[in-house]
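Report on the following structure.
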Amino acid sequence: MVLADFMIATATVPSFISLFKNLLAFGRWLHAAFLRKPKDLRDHSSWAVVAGATDSIGKALVFELASKGLNVVLVVQNPGKLEATSSELRERYGTTIEVKTVIADFAKLSGEVIAAAMTGATEGLDVGLLVNNAGMAYPYARYFHEVYRELMESMLRVNVNAGVWVMKRVIDGMLKEKRGAIVDIGSDSTVYISSYPLRTLYASTKPYIKIDIQIWSAKQCDRLYVVIRS
Ligand SMILES: NC(=O)c1ccc[n+]([C@@H]2O[C@H](COP(=O)([O-])OP(=O)(O)OC[C@H]3O[C@@H](n4cnc5c(N)ncnc54)[C@H](OP(=O)(O)O)[C@@H]3O)[C@@H](O)[C@H]2O)c1
């Protein structure tokens, strides 16, 4: 009986630890979302880089950042969409914010070329925020063996390769200034449907550059450790 009680108690410990971790995460989210005073993003610097800036989530983030007074570097693949986004920004914010652009098709360019394009556009700018949002999924769900070669190559380049090179270029400046923030847009498919056979490749590429959200300042630390999970 004593042994049985001991085994049951031992078996429940991981459950309590897991419950505690989830409650803690929920509490942190509540605090950050509703209680904590919003951070003034301009404390980091006056420039933000958004990769994948002309559609959906990325575009919405660009307008949100611009509304906070940040200048933005738009990293995009499609010149037509860039023109539309730029003129919407001009219409809404006039000359109160500055906009710079990088046109790069992440599916076609090597990392070195992406980094060189980023350097050209961000040279001399004090970039304090990077949003790695560019990403691609399948046009429709499919099994791994149905992912044709070109689609596989593009997905690996866009979701894995490009983000690393963009980050590499931007992070040097942040380290020099000892302040900055990087936001990588991941996907819940990694957590909830990673073993779902119709999204295998997409779900495995998304967490590659996920470093959660790292915000640091000269006061908080003098070193940065980037954890790339794969
Ligand atoms: N929407 C969701 O439900 C969802 C869920 C989980 C995760 N996410 C992630 O959230 C991010 C944004 O998703 P979204 O729904 O807003 O998707 P989206 O509308 O397809 O936007 C993706 C962005 O990535 C850019 N992009 C795609 N291929 C590119 C390439 N070859 N070179 C350069 N840029 C490229 C797109 O540029 P163009 O506009 O020029 O095509 C677009 O700006 C992605 O990383 C996605 O994986 C989305």
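Labels used: A, B, ... for chains in the order of the structure tokens, numbers from 1 for residues in each chain, and numbers from 1 for ligands as shown.
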Produce a table with one row for each residue of chain A that has an atom at most 8 Å from any atom of ligand 1, each row naming the nearest atom pair and its distance in Å at one decimal; use only C-alpha atoms and all ligand atoms; arrange rows by chain and rising residue number; format as CSV.
```
residue,atom,partner,partner_atom_place_in_ligand_line,distance
A:Ala51,CA,ligand 1,34 (N),6.8
A:Gly52,CA,ligand 1,43 (O),3.4
A:Ala53,CA,ligand 1,43 (O),4.8
A:Thr54,CA,ligand 1,43 (O),4.6
A:Asp55,CA,ligand 1,43 (O),4.5
A:Ser56,CA,ligand 1,16 (O),4.0
A:Ile57,CA,ligand 1,16 (O),3.9
A:Gly58,CA,ligand 1,16 (O),5.7
A:Lys59,CA,ligand 1,43 (O),7.1
A:Val75,CA,ligand 1,34 (N),7.3
A:Val76,CA,ligand 1,34 (N),5.2
A:Gln77,CA,ligand 1,33 (C),4.4
A:Asn78,CA,ligand 1,40 (O),4.3
A:Pro79,CA,ligand 1,40 (O),7.8
A:Lys81,CA,ligand 1,40 (O),6.5
A:Leu82,CA,ligand 1,40 (O),7.8
A:Ile103,CA,ligand 1,33 (C),8.0
A:Ala104,CA,ligand 1,33 (C),5.9
A:Asp105,CA,ligand 1,32 (N),3.8
A:Phe106,CA,ligand 1,32 (N),3.7
A:Ala107,CA,ligand 1,31 (N),4.1
A:Lys108,CA,ligand 1,31 (N),7.0
A:Asn132,CA,ligand 1,45 (O),7.5
A:Asn133,CA,ligand 1,45 (O),4.6
A:Ala134,CA,ligand 1,24 (O),3.3
A:Gly135,CA,ligand 1,45 (O),3.5
A:Met136,CA,ligand 1,27 (C),5.1
A:Ala137,CA,ligand 1,47 (O),6.4
A:Ser154,CA,ligand 1,31 (N),6.9
A:Arg157,CA,ligand 1,31 (N),7.9
A:Val158,CA,ligand 1,31 (N),5.7
A:Asn159,CA,ligand 1,45 (O),7.1
A:Ile185,CA,ligand 1,45 (O),5.4
A:Gly186,CA,ligand 1,7 (C),5.5
A:Ser187,CA,ligand 1,7 (C),3.8
A:Asp188,CA,ligand 1,6 (C),5.8
A:Ser189,CA,ligand 1,6 (C),6.8
A:Lys206,CA,ligand 1,47 (O),6.6
```
Please extract the residues of segment 5-48 of chain A with a backbone DSSP assignment of helix (DSSP H, G or I) and present them as a PyMOL selection string. chain A and resi 5-35+41-43
**OP:** Enumerate, as a list in words, the complete set of residues in segment 172-207 of chain A that a backbone-based DSSP assignment places in strand (DSSP E or B).
**Re:** Gly180, Ala181, Ile182, Val183 and Asp184 of chain A
Please produce an output containing C-alpha atoms for each residue in the selection, written as a compact mmCIF listing (two decimals), in the first residue's frame.
```txt
# COMPACT_ATOMS: atom_id res chain seq x y z
CA GLY A 180 17.04 45.53 -29.76
CA ALA A 181 14.26 43.04 -30.23
CA ILE A 182 13.66 40.17 -32.63
CA VAL A 183 10.25 38.69 -33.23
CA ASP A 184 10.04 35.49 -35.24
```
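When atom CA of Val49 of chain A is paired with atom CA of Ile209 of chain A, their separation reads 16.1 Å.
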In Å, rounded to a single decimal, give me how far atom CA of Val127 of chain A is from atom CA of Glu91 of chain A.
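Answer for the atom CA of Glu91 of chain A to atom CA of Val127 of chain A separation: 23.9 Å.
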What separates atom CA of Thr190 of chain A and atom CA of Tyr208 of chain A is a distance of 10.1 Å
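Minimum distance to Val191 of chain A across A:Leu130, A:Ala203, A:Met152, A:Leu125 (counting only C-alpha atoms) occurs at A:Ala203.
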Quiz prompt | Nearest-residue call for Ala60 of chain A, choices A:Thr12, A:Thr85, A:Val160, A:Thr205, using only C-alpha atoms | solution =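 Of all the options, A:Thr85 lies closest to Ala60 of chain A.
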